[in-house]
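What's in run_12.txt: compact mmCIF, C-alpha atoms
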```txt
# COMPACT_ATOMS: atom_id res chain seq x y z
CA MET L 851 67.45 96.94 95.17
CA LYS L 852 70.74 95.31 96.12
CA LYS L 853 68.97 92.44 97.86
CA ILE L 854 66.65 92.02 94.86
CA LEU L 855 69.62 91.48 92.59
CA ILE L 856 71.18 89.00 94.98
CA ILE L 857 68.05 86.88 95.24
CA SER L 858 67.39 87.18 91.49
CA LEU L 859 70.82 85.76 90.76
CA VAL L 860 70.21 82.84 93.08
CA LEU L 861 66.93 82.00 91.36
CA LEU L 862 68.53 82.27 87.93
CA ILE L 863 71.20 79.81 88.96
CA LEU L 864 68.61 77.32 90.11
CA THR L 865 66.34 77.60 87.07
CA GLY L 866 68.77 77.76 84.16
CA CYS L 867 71.77 75.59 84.96
CA LYS L 868 72.68 72.01 84.17
CA THR L 869 74.94 70.25 86.61
CA PRO L 870 78.22 69.43 84.85
CA ASN L 871 80.69 66.64 85.37
CA TYR L 872 83.94 67.77 86.94
CA GLY L 873 87.33 66.50 85.93
CA ALA L 874 90.93 67.58 86.53
CA ASP L 875 91.31 71.33 86.99
CA LYS L 876 93.88 73.73 85.66
CA GLU L 877 96.40 75.12 88.08
CA VAL L 878 95.95 78.82 88.86
CA THR L 879 99.17 80.78 89.09
CA GLY L 880 99.94 83.87 91.14
CA ALA L 881 100.23 87.42 89.87
CA SER L 882 102.35 90.47 90.60
CA GLU L 883 101.48 93.45 92.81
CA ILE L 884 99.38 96.20 91.31
CA PRO L 885 98.56 99.80 92.33
CA SER L 886 95.42 100.64 94.26
CA GLY L 887 93.20 103.70 94.25
CA THR L 888 92.61 103.61 90.49
CA GLU L 889 90.02 106.03 89.06
CA PHE L 890 87.25 104.96 86.66
CA ILE L 891 85.25 106.21 83.67
CA THR L 892 81.47 105.72 83.79
CA TYR L 893 79.17 105.14 80.80
CA ASN L 894 76.07 103.16 79.84
CA GLY L 895 75.42 100.33 77.40
CA TYR L 896 73.81 96.91 77.10
CA VAL L 897 75.33 93.47 77.20
CA VAL L 898 75.29 91.63 73.85
CA GLU L 899 77.41 88.63 74.89
CA VAL L 900 78.71 86.79 77.94
CA THR L 901 81.48 84.41 76.86
CA GLU L 902 82.22 81.01 78.36
CA ASP L 903 85.19 82.52 80.20
CA ASN L 904 82.95 85.24 81.71
CA MET L 905 84.05 88.10 79.47
CA LEU L 906 81.39 90.69 78.58
CA ARG L 907 80.82 92.40 75.24
CA ILE L 908 78.92 95.64 75.85
CA LYS L 909 77.32 97.75 73.12
CA VAL L 910 77.63 101.49 73.75
CA PRO L 911 75.03 103.77 72.09
CA LYS L 912 77.35 106.76 71.67
CA ARG L 913 80.57 105.31 70.28
CA GLY L 914 82.24 108.66 69.61
CA GLU L 915 81.71 109.96 73.14
CA VAL L 916 83.07 106.77 74.66
CA ILE L 917 86.16 106.89 72.43
CA GLN L 918 86.77 110.47 73.55
CA LYS L 919 86.85 109.20 77.12
CA GLY L 920 89.78 106.97 76.18
CA ILE L 921 87.89 103.67 75.85
CA THR L 922 88.75 101.16 73.11
CA VAL L 923 85.59 100.55 71.03
CA ASN L 924 85.39 98.54 67.80
CA GLU L 925 83.54 99.68 64.67
CA GLU L 926 80.33 98.04 65.87
CA GLY L 927 80.41 100.05 69.11
CA ILE L 928 81.37 97.05 71.24
CA VAL L 929 83.53 97.27 74.37
CA LYS L 930 85.17 94.10 75.69
CA VAL L 931 85.03 94.01 79.50
CA ALA L 932 86.38 91.76 82.24
CA LEU L 933 84.83 91.86 85.71
CA ALA L 934 87.21 93.83 87.93
CA SER L 935 88.34 92.71 91.40
CA VAL L 936 86.84 89.23 91.28
CA LYS L 937 87.93 85.78 90.20
CA LEU L 938 85.30 83.30 89.06
CA PRO L 939 85.63 79.51 88.80
CA THR L 940 86.23 78.59 85.14
CA ASP L 941 86.93 75.58 82.93
CA ASP L 942 86.14 72.36 84.83
CA LEU L 943 86.20 73.85 88.33
CA PRO L 944 83.17 73.28 90.58
CA LEU L 945 80.41 75.89 90.14
CA SER L 946 82.02 77.22 86.93
CA GLN L 947 79.09 76.40 84.65
CA GLU L 948 76.53 77.49 87.23
CA THR L 949 78.23 80.87 87.64
CA ASN L 950 78.59 81.41 83.89
CA GLU L 951 74.94 80.52 83.27
CA ALA L 952 73.88 82.88 86.05
CA LEU L 953 75.85 85.74 84.46
CA LYS L 954 74.22 85.08 81.10
CA ASN L 955 70.72 85.00 82.57
CA LEU L 956 71.31 88.12 84.63
CA LEU L 957 73.20 90.31 82.14
CA LEU L 958 72.57 89.22 78.55
CA ASN L 959 70.61 91.86 76.59
CA LYS L 960 70.28 94.01 79.72
CA GLU L 961 71.07 97.70 80.14
CA VAL L 962 74.04 98.28 82.41
CA THR L 963 76.24 101.01 83.77
CA LEU L 964 79.94 100.32 83.49
CA ASP L 965 82.54 101.90 85.76
CA SER L 966 85.61 101.09 83.68
CA LEU L 967 88.98 101.36 85.38
CA GLU L 968 90.93 104.19 83.82
CA GLU L 969 94.25 102.38 84.04
CA THR L 970 92.99 99.32 82.15
CA ALA L 971 91.27 101.51 79.55
CA ALA L 972 94.61 103.11 78.73
CA SER L 973 96.51 99.82 78.55
CA ALA L 974 93.80 98.17 76.41
CA LYS L 975 94.85 100.28 73.44
CA ASP L 976 98.19 98.46 73.31
CA SER L 977 96.80 95.02 74.16
CA PRO L 978 95.90 92.49 71.44
CA LEU L 979 92.87 91.52 73.55
CA ASN L 980 91.61 95.13 73.71
CA GLU L 981 89.85 94.37 76.98
CA ILE L 982 89.21 96.71 79.87
CA GLN L 983 88.17 95.95 83.44
CA GLY L 984 85.28 97.48 85.30
CA TYR L 985 82.46 97.24 87.80
CA ILE L 986 79.08 96.37 86.28
CA HIS L 987 75.74 97.65 87.59
CA LEU L 988 72.31 96.75 86.26
CA LYS L 989 70.26 99.80 85.35
CA ASP L 990 69.08 101.84 88.37
CA SER L 991 70.98 99.64 90.83
CA LYS L 992 73.74 100.63 93.23
CA ALA L 993 74.84 97.03 93.79
CA SER L 994 77.51 95.80 91.41
CA ILE L 995 77.44 92.37 89.80
CA GLN L 996 80.71 91.72 91.61
CA GLU L 997 79.00 92.26 94.96
CA VAL L 998 76.21 89.84 94.02
CA LEU L 999 78.71 87.14 93.03
CA ILE L 1000 80.90 87.56 96.10
CA GLU L 1001 77.99 87.66 98.54
CA ASN L 1002 76.64 84.40 97.13
CA GLY L 1003 80.01 82.66 97.18
CA LEU L 1004 80.23 82.44 93.38
CA ALA L 1005 83.47 84.42 93.11
CA ILE L 1006 86.44 85.43 95.24
CA VAL L 1007 88.28 88.72 95.66
CA ASP L 1008 91.13 89.36 93.23
CA LYS L 1009 93.76 92.05 93.85
CA SER L 1010 96.04 91.00 91.00
CA THR L 1011 94.59 93.70 88.71
CA PRO L 1012 93.77 97.42 89.24
CA PHE L 1013 90.91 98.22 91.60
CA THR L 1014 89.32 101.07 93.52
CA LYS L 1015 89.76 101.09 97.29
CA SER L 1016 86.08 101.67 98.03
CA ASN L 1017 84.92 98.77 95.85
CA MET L 1018 87.62 96.45 97.18
CA SER L 1019 86.74 97.21 100.79
CA GLN L 1020 83.08 96.37 100.17
CA LEU L 1021 83.94 93.15 98.35
CA GLU L 1022 86.28 92.02 101.12
CA ASN L 1023 83.56 92.55 103.73
CA LEU L 1024 81.07 90.56 101.68
CA GLN L 1025 83.60 87.79 101.11
CA ALA L 1026 84.29 87.51 104.84
CA ALA L 1027 80.57 87.03 105.47
CA ALA L 1028 80.24 84.42 102.71
CA GLN L 1029 83.27 82.55 104.03
CA ASN L 1030 81.94 82.60 107.60
CA ASN L 1031 78.62 81.21 106.39
CA SER L 1032 80.25 78.60 104.10
CA ILE L 1033 78.31 79.79 101.05
CA GLY L 1034 79.09 78.69 97.50
CA VAL L 1035 82.78 78.08 96.87
CA TRP L 1036 83.38 78.33 100.62
CA ALA L 1037 81.25 75.23 101.18
CA ILE L 1038 83.85 73.10 99.37
CA ASP L 1039 86.62 72.20 101.78
CA GLY L 1040 90.02 73.35 100.51
CA PHE L 1041 88.67 74.83 97.27
CA VAL L 1042 89.93 78.37 97.98
CA ASN L 1043 93.51 79.05 99.07
CA LEU L 1044 93.89 82.43 100.80
CA SER L 1045 97.63 82.26 101.44
CA ASN L 1046 98.31 84.78 98.64
CA SER L 1047 98.17 88.42 99.79
CA ILE L 1048 96.72 89.64 96.48
CA GLY L 1049 93.65 87.45 96.68
CA GLY L 1050 92.61 83.84 96.84
CA GLN L 1051 93.30 81.06 94.37
CA PHE L 1052 91.05 78.18 93.38
CA THR L 1053 92.73 74.84 94.01
CA ASN L 1054 92.58 71.62 92.03
CA ILE L 1055 89.42 69.93 93.29
CA VAL L 1056 88.42 66.70 91.55
CA ASP L 1057 86.25 64.92 94.12
CA VAL L 1058 83.12 67.11 94.14
CA ASN L 1059 80.13 65.21 92.82
CA GLU L 1060 76.85 66.38 91.31
CA GLU L 1061 74.86 65.86 94.50
CA GLU L 1062 77.26 68.05 96.47
CA ILE L 1063 76.94 70.83 93.89
CA LYS L 1064 73.14 70.61 94.02
CA SER L 1065 73.29 70.84 97.79
CA ILE L 1066 75.53 73.91 97.64
CA ILE L 1067 73.15 75.69 95.23
CA GLU L 1068 70.16 74.84 97.43
CA ASP L 1069 72.06 76.17 100.44
CA ILE L 1070 72.63 79.50 98.68
CA LYS L 1071 68.90 79.72 98.07
CA THR L 1072 67.85 78.91 101.62
CA LYS L 1073 70.23 81.49 103.10
CA GLY L 1074 68.65 84.26 101.02
CA LEU L 1075 65.61 86.34 101.95
CA ASP L 1076 62.02 85.84 100.79
CA LEU L 1077 61.95 87.09 97.18
CA GLU L 1078 58.23 87.94 97.20
CA LYS L 1079 58.81 90.42 100.02
CA LEU L 1080 61.63 92.14 98.15
CA ILE L 1081 60.19 92.69 94.67
CA THR L 1082 57.32 94.94 95.77
CA LYS L 1083 57.93 98.64 95.04
```
Would you kindly transcribe this structure into structure tokens?
Amino acid sequence: MKKILIISLVLLILTGCKTPNYGADKEVTGASEIPSGTEFITYNGYVVEVTEDNMLRIKVPKRGEVIQKGITVNEEGIVKVALASVKLPTDDLPLSQETNEALKNLLLNKEVTLDSLEETAASAKDSPLNEIQGYIHLKDSKASIQEVLIENGLAIVDKSTPFTKSNMSQLENLQAAAQNNSIGVWAIDGFVNLSNSIGGQFTNIVDVNEEEIKSIIEDIKTKGLDLEKLITK
């Protein structure tokens, strides 16, 4: 199932994305240390929106039960969620639009299980953004969306916010493999700076052209497994 999700994401990227023009990029600043070993609260819902900055709005069917668990839910039963432990390229950075389109194709109007981080759920009540952080799983899948993104080089590990040790360990192993194979963001020389101990930073890359992006996406596809062999049950 995990491999099915990975290959599905790759195909969605290739079939639904337009190649953007890239200009000057915003500088990404560092962040402070955070605690590890955070616990999480698990519940189900379906994704009603994926924003341009990769935020998720998830509709929960049992609003009262979720509120009792300490989660901030609006009157429509919507929870605002950020993907925990990963950093995605945004704004005008290379692969930003491809990654966002892939998230929309993969998650929009789909049933998911959300492991929301307990620490962020508590702090969301006092935040004007009312957002929590969590690990997202498609229905009946053990692989998180974070794992899919990291393994395909469409995100990097982020330790600047709360995380669980088990999830972080898995993501770091997948990132090491993606980096060694020069997949996705790792195919762009100097795009990721790993000098920060709490995770990498995307650097200001302005000389990546459309043909290079197309080549990177094709490379992700060719390094995957045969989809037809994976979708049989």
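Here atom CA of L:Ser1019 is placed at a distance of 13.8 Å from atom CA of L:Ala993.
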#### Entry: Å distance separating atom CA of L:Asn1054 from atom CA of L:Asn1002, one decimal place
21.1 Å
### Task
Would you work out the distance separating atom CA of L:Glu981 from atom CA of L:Leu906, expressed in Å to one decimal?
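Atom CA of L:Leu906 lies at a distance of 9.4 Å from atom CA of L:Glu981.
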### Summary
Using all atoms listed in the file, the best pick from L:Ile921, L:Ala934, L:Ile1000, L:Leu943 as closest to L:Thr1053 would be L:Leu943
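Shortest separation to L:Leu1024 among L:Ile1067, L:Val998, L:Val897, L:Ile1038 occurs at residue L:Val998, atoms counted being all atoms listed in the file.
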### Task
Return the single residue from L:Ser991, L:Thr949, L:Asn924, L:Asn1030 that is closest to L:Lys937, with distances computed using only C-alpha atoms.
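Among the listed residues, L:Thr949 lies closest to L:Lys937.
The shell of residues at most 12 Å from L:Ala1026, with only C-alpha atoms counted and near chain neighbours (fewer than 6 positions) removed, consists of Ile1000, Glu1001, Asn1002, Gly1003, Ile1006, Val1007, Ser1019, Gln1020, Ser1032, Ile1033, Trp1036 and Leu1044 of chain L.
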Keeping only C-alpha atoms, take the residues you just selected and write them out as an mmCIF file, keeping the file's coordinate frame.
```
data_model
loop_
_atom_site.group_PDB
_atom_site.id
_atom_site.type_symbol
_atom_site.label_atom_id
_atom_site.label_comp_id
_atom_site.auth_asym_id
_atom_site.auth_seq_id
_atom_site.Cartn_x
_atom_site.Cartn_y
_atom_site.Cartn_z
ATOM 1 C CA ILE L 1000 80.900 87.560 96.100
ATOM 2 C CA GLU L 1001 77.990 87.660 98.540
ATOM 3 C CA ASN L 1002 76.640 84.400 97.130
ATOM 4 C CA GLY L 1003 80.010 82.660 97.180
ATOM 5 C CA ILE L 1006 86.440 85.430 95.240
ATOM 6 C CA VAL L 1007 88.280 88.720 95.660
ATOM 7 C CA SER L 1019 86.740 97.210 100.790
ATOM 8 C CA GLN L 1020 83.080 96.370 100.170
ATOM 9 C CA SER L 1032 80.250 78.600 104.100
ATOM 10 C CA ILE L 1033 78.310 79.790 101.050
ATOM 11 C CA TRP L 1036 83.380 78.330 100.620
ATOM 12 C CA LEU L 1044 93.890 82.430 100.800
#
```
#### Entry: From L:Glu1060, L:Glu1068, L:Asp965, L:Leu938, residue lying nearest L:Val1042 [only C-alpha atoms]
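Closest candidate: L:Leu938.
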### Task
Go through L:Val1058, L:Val936, L:Val923, L:Leu956 one by one, measure the shortest atom-to-atom distance of each to L:Ser1010 using all atoms listed in the file, and give the residue with the smallest value.
L:Val936
### Residues within 9 Å of L:Lys960, all atoms listed in the file, excluding chain neighbours under 2 positions, as number ranges by chain
L: 895-898, 956-958, 962, 988-989
### Query
Which is closest to L:Asp903 among L:Ile986, L:Val929, L:Leu953, L:Ile917, if we use only C-alpha atoms?
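Once distances to L:Asp903 are computed over only C-alpha atoms, the minimum belongs to L:Leu953.
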Rebuild stretch 1047-1078 of chain L to N, CA and C atoms - output it as a compact mmCIF listing (two decimals), keeping the file's coordinate frame, please.
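Generated file (part-v3.txt):
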```txt
# COMPACT_ATOMS: atom_id res chain seq x y z
N SER L 1047 98.60 87.11 99.28
CA SER L 1047 98.17 88.42 99.79
C SER L 1047 97.38 89.23 98.77
N ILE L 1048 97.44 88.87 97.49
CA ILE L 1048 96.72 89.64 96.48
C ILE L 1048 95.39 88.99 96.11
N GLY L 1049 94.93 88.08 96.92
CA GLY L 1049 93.65 87.45 96.68
C GLY L 1049 93.76 85.94 96.69
N GLY L 1050 92.61 85.29 96.77
CA GLY L 1050 92.61 83.84 96.84
C GLY L 1050 92.87 83.19 95.50
N GLN L 1051 93.12 81.88 95.56
CA GLN L 1051 93.30 81.06 94.37
C GLN L 1051 92.40 79.84 94.50
N PHE L 1052 91.80 79.43 93.38
CA PHE L 1052 91.05 78.18 93.38
C PHE L 1052 92.04 77.03 93.24
N THR L 1053 91.84 75.99 94.03
CA THR L 1053 92.73 74.84 94.01
C THR L 1053 92.16 73.73 93.14
N ASN L 1054 92.95 72.72 92.92
CA ASN L 1054 92.58 71.62 92.03
C ASN L 1054 91.69 70.62 92.76
N ILE L 1055 90.40 70.80 92.63
CA ILE L 1055 89.42 69.93 93.29
C ILE L 1055 88.83 68.97 92.27
N VAL L 1056 88.93 67.67 92.52
CA VAL L 1056 88.42 66.70 91.55
C VAL L 1056 87.39 65.74 92.16
N ASP L 1057 87.11 65.89 93.46
CA ASP L 1057 86.25 64.92 94.12
C ASP L 1057 84.89 65.50 94.54
N VAL L 1058 84.44 66.54 93.85
CA VAL L 1058 83.12 67.11 94.14
C VAL L 1058 82.12 66.51 93.17
N ASN L 1059 81.10 65.86 93.70
CA ASN L 1059 80.13 65.21 92.82
C ASN L 1059 78.90 66.08 92.59
N GLU L 1060 78.02 65.61 91.71
CA GLU L 1060 76.85 66.38 91.31
C GLU L 1060 75.91 66.65 92.49
N GLU L 1061 75.75 65.68 93.36
CA GLU L 1061 74.86 65.86 94.50
C GLU L 1061 75.37 66.94 95.43
N GLU L 1062 76.68 67.01 95.62
CA GLU L 1062 77.26 68.05 96.47
C GLU L 1062 77.03 69.44 95.88
N ILE L 1063 77.18 69.55 94.54
CA ILE L 1063 76.94 70.83 93.89
C ILE L 1063 75.48 71.25 94.04
N LYS L 1064 74.57 70.31 93.85
CA LYS L 1064 73.14 70.61 94.02
C LYS L 1064 72.86 71.09 95.44
N SER L 1065 73.48 70.45 96.39
CA SER L 1065 73.29 70.84 97.79
C SER L 1065 73.81 72.24 98.06
N ILE L 1066 74.95 72.58 97.46
CA ILE L 1066 75.53 73.91 97.64
C ILE L 1066 74.61 74.98 97.05
N ILE L 1067 74.06 74.73 95.86
CA ILE L 1067 73.15 75.69 95.23
C ILE L 1067 71.89 75.85 96.07
N GLU L 1068 71.35 74.76 96.58
CA GLU L 1068 70.16 74.84 97.43
C GLU L 1068 70.46 75.62 98.70
N ASP L 1069 71.66 75.47 99.22
CA ASP L 1069 72.06 76.17 100.44
C ASP L 1069 72.12 77.67 100.20
N ILE L 1070 72.61 78.07 99.02
CA ILE L 1070 72.63 79.50 98.68
C ILE L 1070 71.20 80.05 98.70
N LYS L 1071 70.29 79.28 98.13
CA LYS L 1071 68.90 79.72 98.07
C LYS L 1071 68.28 79.85 99.45
N THR L 1072 68.49 78.88 100.30
CA THR L 1072 67.85 78.91 101.62
C THR L 1072 68.40 79.99 102.53
N LYS L 1073 69.64 80.43 102.26
CA LYS L 1073 70.23 81.49 103.10
C LYS L 1073 69.86 82.88 102.62
N GLY L 1074 69.11 82.97 101.49
CA GLY L 1074 68.65 84.26 101.02
C GLY L 1074 67.34 84.65 101.70
N LEU L 1075 66.86 85.88 101.39
CA LEU L 1075 65.61 86.34 101.95
C LEU L 1075 64.44 85.97 101.04
N ASP L 1076 63.22 86.16 101.54
CA ASP L 1076 62.02 85.84 100.79
C ASP L 1076 61.89 86.78 99.59
N LEU L 1077 61.97 86.26 98.38
CA LEU L 1077 61.95 87.09 97.18
C LEU L 1077 60.66 87.87 97.05
N GLU L 1078 59.53 87.28 97.38
CA GLU L 1078 58.23 87.94 97.20
C GLU L 1078 58.14 89.22 98.04
```
